[in-house]
$ cat input-v4.txt   # compact mmCIF, C-alpha atoms
# COMPACT_ATOMS: atom_id res chain seq x y z
CA MET N 204 16.98 73.75 159.10
CA ASP N 205 16.65 75.36 155.66
CA GLU N 206 19.76 75.61 153.47
CA TYR N 207 20.13 77.17 150.05
CA ILE N 208 23.20 77.13 147.78
CA SER N 209 23.23 78.19 144.13
CA THR N 210 25.88 79.01 141.50
CA ARG N 211 25.89 80.22 137.90
CA ARG N 212 28.37 81.05 135.19
CA PRO N 213 28.13 84.45 133.43
CA TYR N 214 25.99 84.56 130.29
CA ASN N 215 28.02 87.33 128.63
CA ALA N 216 31.02 85.97 126.69
CA PHE N 217 33.50 88.62 127.84
CA LEU N 218 32.46 88.32 131.48
CA ALA N 219 32.81 84.55 131.21
CA SER N 220 36.48 85.11 130.35
CA ILE N 221 37.18 87.03 133.58
CA VAL N 222 34.45 85.86 135.99
CA GLU N 223 34.48 82.23 137.12
CA ASP N 224 31.08 82.11 138.79
CA TYR N 225 28.37 83.85 140.77
CA PHE N 226 27.36 82.13 144.00
CA PHE N 227 24.71 82.44 146.69
CA MET N 228 24.62 80.73 150.08
CA ASP N 229 22.04 80.96 152.85
CA ILE N 230 22.68 78.44 155.63
CA PRO N 231 22.46 78.26 159.44
CA VAL N 232 25.82 78.58 161.19
CA GLU N 233 25.03 75.43 163.18
CA ALA N 234 25.04 73.45 159.93
CA LEU N 235 28.70 74.31 159.35
CA SER N 236 31.49 72.06 160.60
CA GLY N 237 33.17 75.03 162.25
CA LYS N 238 32.52 78.72 162.64
CA THR N 239 35.97 80.20 162.05
CA GLU N 240 37.53 79.56 158.66
CA PHE N 241 41.18 80.21 157.91
CA ILE N 242 41.45 81.22 154.27
CA VAL N 243 44.13 79.43 152.28
CA PRO N 244 45.77 81.97 149.89
CA PHE N 245 43.91 81.58 146.63
CA PRO N 246 44.75 82.82 143.08
CA ARG N 247 41.37 84.49 142.61
CA ILE N 248 39.65 87.66 143.81
CA THR N 249 36.44 87.11 145.75
CA PHE N 250 33.62 89.65 146.05
CA CYS N 251 31.15 89.04 148.88
CA TYR N 252 27.97 90.76 150.01
CA TYR N 253 26.79 89.47 153.40
CA PHE N 254 23.40 91.23 153.46
CA ASP N 255 22.41 92.04 157.06
CA ARG N 256 24.65 89.25 158.38
CA PRO N 257 28.16 90.75 158.43
CA PHE N 258 31.36 88.79 158.90
CA SER N 259 34.34 89.44 161.11
CA LEU N 260 37.62 89.21 159.16
CA THR N 261 41.03 89.05 160.82
CA ASN N 262 44.41 89.71 159.23
CA HIS N 263 46.77 87.52 161.26
CA ASN N 264 49.84 89.23 159.82
CA THR N 265 48.82 92.63 161.21
CA GLN N 266 46.42 91.42 163.94
CA GLU N 267 43.73 93.71 162.50
CA THR N 268 40.06 92.68 162.75
CA VAL N 269 37.20 94.36 160.87
CA ILE N 270 33.48 93.65 160.56
CA GLU N 271 32.11 94.15 157.05
CA LYS N 272 29.00 93.40 155.01
CA ILE N 273 30.42 93.99 151.50
CA ILE N 274 34.05 93.35 150.59
CA ILE N 275 36.55 92.43 147.90
CA THR N 276 39.54 90.26 148.77
CA LYS N 277 42.96 90.69 147.13
CA VAL N 278 45.26 88.00 145.81
CA SER N 279 47.96 87.80 148.49
CA THR N 280 49.82 85.53 150.91
CA THR N 281 48.25 87.31 153.90
CA GLN N 282 46.87 84.92 156.54
CA ILE N 283 43.17 85.73 156.97
CA SER N 284 40.35 84.12 158.93
CA ILE N 285 36.62 84.85 158.74
CA LEU N 286 33.89 84.37 161.31
CA PRO N 287 30.10 84.82 161.04
CA THR N 288 28.67 87.35 163.51
CA THR N 289 25.06 86.11 163.35
CA ASP N 290 23.27 82.76 163.47
CA ARG N 291 23.13 82.42 159.66
CA VAL N 292 25.58 82.71 156.81
CA LYS N 293 24.03 84.59 153.88
CA ILE N 294 26.41 85.46 151.07
CA LEU N 295 26.11 86.64 147.49
CA GLY N 296 29.38 86.79 145.64
CA THR N 297 31.59 86.04 142.71
CA HIS N 298 35.05 84.63 142.05
CA ILE N 299 36.97 86.55 139.40
CA LYS N 300 40.33 86.15 137.67
CA PRO N 301 43.27 87.72 139.56
CA PHE N 302 43.59 90.63 137.12
CA ALA N 303 39.85 91.21 136.64
CA LEU N 304 39.54 93.98 139.25
CA ALA N 305 41.74 96.10 136.96
CA TYR N 306 38.85 96.09 134.47
CA PHE N 307 36.74 98.03 136.98
CA THR N 308 39.22 100.48 138.52
CA LYS N 309 42.38 102.21 137.34
CA GLN N 310 43.74 102.45 140.85
CA PRO N 311 46.95 100.39 141.22
CA ILE N 312 45.81 97.19 142.92
CA HIS N 313 48.92 96.95 145.12
CA LYS N 314 47.99 100.29 146.72
CA LEU N 315 44.56 99.04 147.82
CA PRO N 316 44.19 97.67 151.40
CA TRP N 317 44.33 93.96 152.25
CA LEU N 318 40.53 93.94 152.46
CA ILE N 319 38.84 96.28 149.99
CA ASN N 320 35.70 98.00 151.20
CA THR N 321 33.52 97.95 148.08
CA GLU N 322 31.70 101.15 149.01
CA ASP N 323 35.02 102.98 149.49
CA LEU N 324 36.26 101.86 146.07
CA PHE N 325 33.07 102.18 144.01
CA GLY N 326 30.90 104.63 145.97
CA ASP N 327 27.37 105.06 144.59
CA ILE N 328 27.76 102.02 142.33
CA ALA N 329 28.11 99.78 145.39
CA VAL N 330 25.17 101.45 147.13
CA LYS N 331 22.90 101.06 144.10
CA PHE N 332 24.00 97.43 143.79
CA GLN N 333 22.95 96.68 147.38
CA ASN N 334 19.60 98.43 146.89
CA LYS N 335 18.86 96.34 143.81
CA ILE N 336 19.97 93.08 145.42
CA ASN N 337 17.87 93.65 148.54
CA VAL N 338 14.61 93.59 146.53
CA CYS N 339 15.48 90.44 144.56
CA THR N 340 13.38 87.38 145.38
CA ASP N 341 15.73 84.61 144.21
CA PRO N 342 19.42 84.01 143.36
CA GLU N 343 18.86 84.10 139.59
CA GLN N 344 17.64 87.69 139.86
CA MET N 345 20.66 88.51 142.01
CA PHE N 346 23.04 86.97 139.47
CA ASP N 347 21.39 89.07 136.74
CA VAL N 348 22.00 92.21 138.83
CA ILE N 349 25.68 91.34 139.28
CA GLU N 350 26.07 90.72 135.55
CA ASP N 351 24.37 94.01 134.65
CA ILE N 352 26.53 95.96 137.13
CA PHE N 353 29.69 94.40 135.70
CA LEU N 354 28.69 95.15 132.11
CA ASP N 355 27.69 98.74 132.93
CA ASN N 356 31.03 99.51 134.60
CA VAL N 357 33.69 97.49 132.77
CA LEU N 358 36.59 99.62 131.48
CA VAL N 359 38.24 99.29 128.09
CA ARG N 360 41.84 98.37 128.94
CA ASP N 361 44.67 96.39 127.40
CA LEU N 362 45.46 93.71 129.97
CA SER N 363 46.78 91.24 127.42
CA LEU N 364 50.25 90.89 129.00
CA ILE N 365 49.03 90.12 132.51
CA THR N 366 46.28 87.86 131.13
CA ARG N 367 48.81 85.85 129.16
CA ALA N 368 51.19 85.71 132.14
CA VAL N 369 48.47 84.25 134.37
CA GLU N 370 47.50 81.73 131.68
CA LEU N 371 51.10 80.56 131.34
CA ILE N 372 51.56 80.19 135.10
CA GLU N 373 48.31 78.29 135.57
CA THR N 374 48.74 75.94 132.61
CA SER N 375 52.44 75.22 132.97
CA ASP N 376 54.66 73.60 135.54
CA THR N 377 54.49 75.46 138.85
CA ASN N 378 58.30 75.36 138.98
CA LEU N 379 58.36 77.98 136.20
CA SER N 380 60.89 80.72 136.97
CA ILE N 381 60.29 84.45 136.54
CA GLU N 382 63.12 84.51 134.00
CA GLU N 383 61.46 81.77 131.94
CA LEU N 384 58.08 83.47 132.20
CA SER N 385 59.50 86.81 131.03
CA SER N 386 61.24 85.12 128.12
CA GLN N 387 58.05 83.37 126.98
CA LEU N 388 56.20 86.70 127.12
CA ASN N 389 59.00 88.50 125.30
CA THR N 390 59.25 91.13 128.03
CA THR N 391 61.61 92.09 130.84
CA GLU N 392 61.37 90.85 134.40
CA ARG N 393 60.94 94.46 135.56
CA THR N 394 58.01 95.07 133.19
CA LEU N 395 56.42 91.81 134.27
CA ARG N 396 56.78 92.75 137.95
CA ASN N 397 55.24 96.16 137.31
CA HIS N 398 52.22 94.62 135.57
CA PHE N 399 51.67 92.16 138.41
CA TYR N 400 51.77 94.85 141.08
CA GLU N 401 49.62 97.24 139.02
CA HIS N 402 46.94 94.80 137.90
CA ILE N 403 46.97 91.98 140.50
CA GLY N 404 48.59 93.52 143.57
CA CYS N 405 51.38 91.03 144.23
CA SER N 406 54.70 90.06 142.65
CA PRO N 407 55.01 87.30 140.00
CA LYS N 408 56.93 85.21 142.54
CA GLU N 409 54.13 85.53 145.10
CA TYR N 410 51.56 84.59 142.48
CA LEU N 411 53.56 81.50 141.52
CA GLN N 412 53.62 80.53 145.22
CA ILE N 413 49.87 80.98 145.56
CA VAL N 414 49.16 78.86 142.49
CA LYS N 415 51.43 76.16 143.87
CA ILE N 416 49.66 76.30 147.25
CA LYS N 417 46.31 75.91 145.48
CA LYS N 418 47.57 72.76 143.76
CA VAL N 419 48.91 71.38 147.05
CA ALA N 420 45.63 72.17 148.84
CA TYR N 421 43.62 70.45 146.08
CA GLN N 422 45.76 67.32 146.35
CA LEU N 423 45.51 67.33 150.15
CA LYS N 424 41.72 67.50 149.91
CA TYR N 425 40.96 65.17 147.01
CA SER N 426 43.82 62.65 146.74
CA ASP N 427 45.08 59.93 149.04
CA GLN N 428 48.69 60.59 148.06
CA SER N 429 51.24 60.69 150.84
CA LEU N 430 52.63 64.06 151.90
CA THR N 431 55.98 63.00 150.43
CA ASP N 432 54.42 62.30 147.02
CA ILE N 433 52.54 65.61 147.05
CA ALA N 434 55.78 67.40 147.90
CA PHE N 435 57.60 65.73 144.97
CA ASP N 436 54.70 66.50 142.61
CA ASN N 437 55.16 70.16 143.41
CA HIS N 438 58.98 70.16 143.11
CA TYR N 439 59.74 70.10 146.80
CA PHE N 440 62.63 67.65 147.08
CA ASP N 441 63.25 68.56 150.70
CA GLN N 442 60.46 67.80 153.19
CA ALA N 443 61.61 70.57 155.52
CA HIS N 444 61.34 73.10 152.68
CA PHE N 445 57.84 71.82 151.84
CA ILE N 446 56.68 72.07 155.44
CA ASN N 447 58.24 75.49 156.02
CA ASP N 448 56.84 76.98 152.79
CA LEU N 449 53.31 75.77 153.49
CA LYS N 450 53.40 76.86 157.13
CA LYS N 451 54.81 80.28 156.25
CA ILE N 452 52.01 81.01 153.76
CA THR N 453 49.02 79.25 155.35
CA GLY N 454 49.97 79.05 159.01
CA TYR N 455 49.67 75.23 158.92
CA SER N 456 51.90 72.26 158.22
CA PRO N 457 50.82 69.92 155.36
CA GLY N 458 49.50 67.37 157.88
CA GLU N 459 47.50 69.99 159.79
CA LEU N 460 46.12 71.44 156.57
CA ARG N 461 44.98 68.02 155.35
CA LYS N 462 42.93 67.58 158.52
CA LEU N 463 41.42 71.08 158.37
CA ILE N 464 40.78 71.55 154.67
CA SER N 465 37.46 69.70 154.64
CA ASN N 466 36.08 72.59 156.71
CA PHE N 467 36.95 75.24 154.15
CA ARG N 468 33.72 76.51 152.64
CA PHE N 469 34.04 79.79 150.78
CA LEU N 470 36.86 79.21 148.31
CA GLN N 471 36.98 76.74 145.45
CA PHE N 472 39.31 73.79 145.80
$ encode --input "input-v4.txt" --output "structure tokens"
Amino acid sequence: MDEYISTRRPYNAFLASIVEDYFFMDIPVEALSGKTEFIVPFPRITFCYYFDRPFSLTNHNTQETVIEKIIITKVSTTQISILPTTDRVKILGTHIKPFALAYFTKQPIHKLPWLINTEDLFGDIAVKFQNKINVCTDPEQMFDVIEDIFLDNVLVRDLSLITRAVELIETSDTNLSIEELSSQLNTTERTLRNHFYEHIGCSPKEYLQIVKIKKVAYQLKYSDQSLTDIAFDNHYFDQAHFINDLKKITGYSPGELRKLISNFRFLQF
């Protein structure tokens, strides 16, 4: 049963500021703890190329299922599950900052579909990318191809406001209000909302929720804290509110999520 997993950070300094990592996985489905994976909303965009082993992706909010071999996810609270359609999982991908897609397209991100077909968005660029990847002999060559594609197609844009907004949210208390965030950025709440929808695809409030959920999920996975302590840590002073919020966004209660989260494979907790 051969398994191969590899990751790498970008070499280019600018890309390293917007791309968190490149990753490659080639593993038999039988080696996984479960086939279907319910994706916890995550404050990063994920690009995935599945080679000749496409995945089935289901949007549980709209009950829509699609089978794709190359996709880009959006930052959202949509409940999504993924399922391999072959006997192996083979993925090449990258995790990028929530605003980073706006460096490669001027289309408003909130107008793009819940699952972005990379060929629809980038056309020949996506086709050429696949052709180059398919002749690579190892992950390092693949990572070099991704880096070259990014550098050849990055747009010159001023995303300083949304970049700073994300930094403030992710480095400050997750109980930060939109009013406080706008004040720290010396901008209006309306301008802030517009930048989030345009460059990330969700509202500032939704993004704050997703960052909070990531923190909760991390604590559920890696700490032995009680659910009550985790709730207090994340400014939930009412257990019912904590349970309802988590279930509304993820589809699971905190207790259910703690049991399931060890199975989550494709996002970084």
$ closest_residue --input "input-v4.txt" --among "N:Gln282, N:Asn389, N:Ile381, N:Leu362" --to "Leu449 in chain N" --atoms "only C-alpha atoms"
N:Gln282
$ closest_residue --input "input-v4.txt" --among "N:Val269, N:Ile452, N:Leu318, N:Leu286" --to "Ile416 in chain N" --atoms "only C-alpha atoms"
N:Ile452
$ atom_distance --input "input-v4.txt" --atom1 "CA of Glu206 in chain N" --atom2 "CA of Ile230 in chain N"
4.6 Å
$ closest_atom_pairs --input "input-v4.txt" --of "range 350-409 of chain N" --to "range 247-267 of chain N" --cutoff "12 Å" --atoms "all atoms listed in the file" --output "Markdown table"
| residue | atom | partner | partner_atom | distance |
| --- | --- | --- | --- | --- |
| N:Val369 | CA | N:Arg247 | CA | 10.9 |
| N:Glu373 | CA | N:Arg247 | CA | 11.7 |
| N:His402 | CA | N:Ile248 | CA | 11.8 |
| N:Ile403 | CA | N:Ile248 | CA | 9.1 |
| N:Gly404 | CA | N:Ile248 | CA | 10.7 |
$ residues_near_point --input "input-v4.txt" --point "(44.8, 70.1, 152.8)" --cutoff "8 Å" --atoms "only C-alpha atoms" --output "VMD selection string"
chain N and resid 419 to 424 457 to 465
$ closest_residue --input "input-v4.txt" --among "N:Val348, N:Val414, N:Leu430, N:Val292" --to "Ile208 in chain N" --atoms "all atoms listed in the file"
N:Val292
$ closest_residue --input "input-v4.txt" --among "N:Ile299, N:Val359, N:Val330, N:Val243" --to "Pro213 in chain N" --atoms "only C-alpha atoms"
N:Ile299
$ closest_residue --input "input-v4.txt" --among "N:Val278, N:Leu358, N:Ile285, N:Ile273" --to "Phe241 in chain N" --atoms "only C-alpha atoms"
N:Ile285
$ residues_around --input "input-v4.txt" --residues "Thr366 in chain N" --least-positions-apart "5" --cutoff "10 Å" --atoms "all atoms listed in the file" --output "PyMOL selection string"
chain N and resi 221+300-303+361+371+402
$ closest_residue --input "input-v4.txt" --among "N:Glu322, N:Ile275, N:Pro287, N:Asn215" --to "Leu235 in chain N" --atoms "all atoms listed in the file"
N:Pro287
$ atom_distance --input "input-v4.txt" --atom1 "CA of Lys451 in chain N" --atom2 "CA of Glu382 in chain N"
24.1 Å
$ atom_distance --input "input-v4.txt" --atom1 "CA of Asp436 in chain N" --atom2 "CA of Asp448 in chain N"
14.8 Å
$ build_atoms --input "input-v4.txt" --residues "range 253-271 of chain N" --atoms "N, CA and C atoms" --output "compact mmCIF listing (two decimals), in the coordinates of the input"
# COMPACT_ATOMS: atom_id res chain seq x y z
N TYR N 253 27.32 90.29 152.31
CA TYR N 253 26.79 89.47 153.40
C TYR N 253 25.39 89.89 153.86
N PHE N 254 24.74 90.75 153.12
CA PHE N 254 23.40 91.23 153.46
C PHE N 254 23.42 91.85 154.86
N ASP N 255 22.45 91.49 155.70
CA ASP N 255 22.41 92.04 157.06
C ASP N 255 23.07 91.07 158.05
N ARG N 256 23.96 90.22 157.53
CA ARG N 256 24.65 89.25 158.38
C ARG N 256 26.16 89.38 158.17
N PRO N 257 26.74 90.47 158.69
CA PRO N 257 28.16 90.75 158.43
C PRO N 257 29.10 89.69 158.99
N PHE N 258 30.31 89.70 158.46
CA PHE N 258 31.36 88.79 158.90
C PHE N 258 32.48 89.57 159.57
N SER N 259 33.13 88.92 160.50
CA SER N 259 34.34 89.44 161.11
C SER N 259 35.53 88.83 160.37
N LEU N 260 36.44 89.68 159.90
CA LEU N 260 37.62 89.21 159.16
C LEU N 260 38.87 89.67 159.89
N THR N 261 39.81 88.75 160.09
CA THR N 261 41.03 89.05 160.82
C THR N 261 42.25 88.81 159.95
N ASN N 262 43.13 89.82 159.89
CA ASN N 262 44.41 89.71 159.23
C ASN N 262 45.42 89.28 160.30
N HIS N 263 45.89 88.04 160.22
CA HIS N 263 46.77 87.52 161.26
C HIS N 263 48.20 88.01 161.11
N ASN N 264 48.52 88.64 159.98
CA ASN N 264 49.84 89.23 159.82
C ASN N 264 49.95 90.56 160.54
N THR N 265 48.82 91.31 160.57
CA THR N 265 48.82 92.63 161.21
C THR N 265 48.00 92.65 162.49
N GLN N 266 47.31 91.53 162.78
CA GLN N 266 46.42 91.42 163.94
C GLN N 266 45.28 92.45 163.90
N GLU N 267 44.84 92.76 162.69
CA GLU N 267 43.73 93.71 162.50
C GLU N 267 42.44 92.93 162.25
N THR N 268 41.37 93.31 162.94
CA THR N 268 40.06 92.68 162.75
C THR N 268 39.04 93.74 162.35
N VAL N 269 38.25 93.44 161.32
CA VAL N 269 37.20 94.36 160.87
C VAL N 269 35.91 93.57 160.70
N ILE N 270 34.78 94.26 160.82
CA ILE N 270 33.48 93.65 160.56
C ILE N 270 32.88 94.35 159.35
N GLU N 271 32.57 93.59 158.32
CA GLU N 271 32.11 94.15 157.05
C GLU N 271 30.91 93.39 156.52
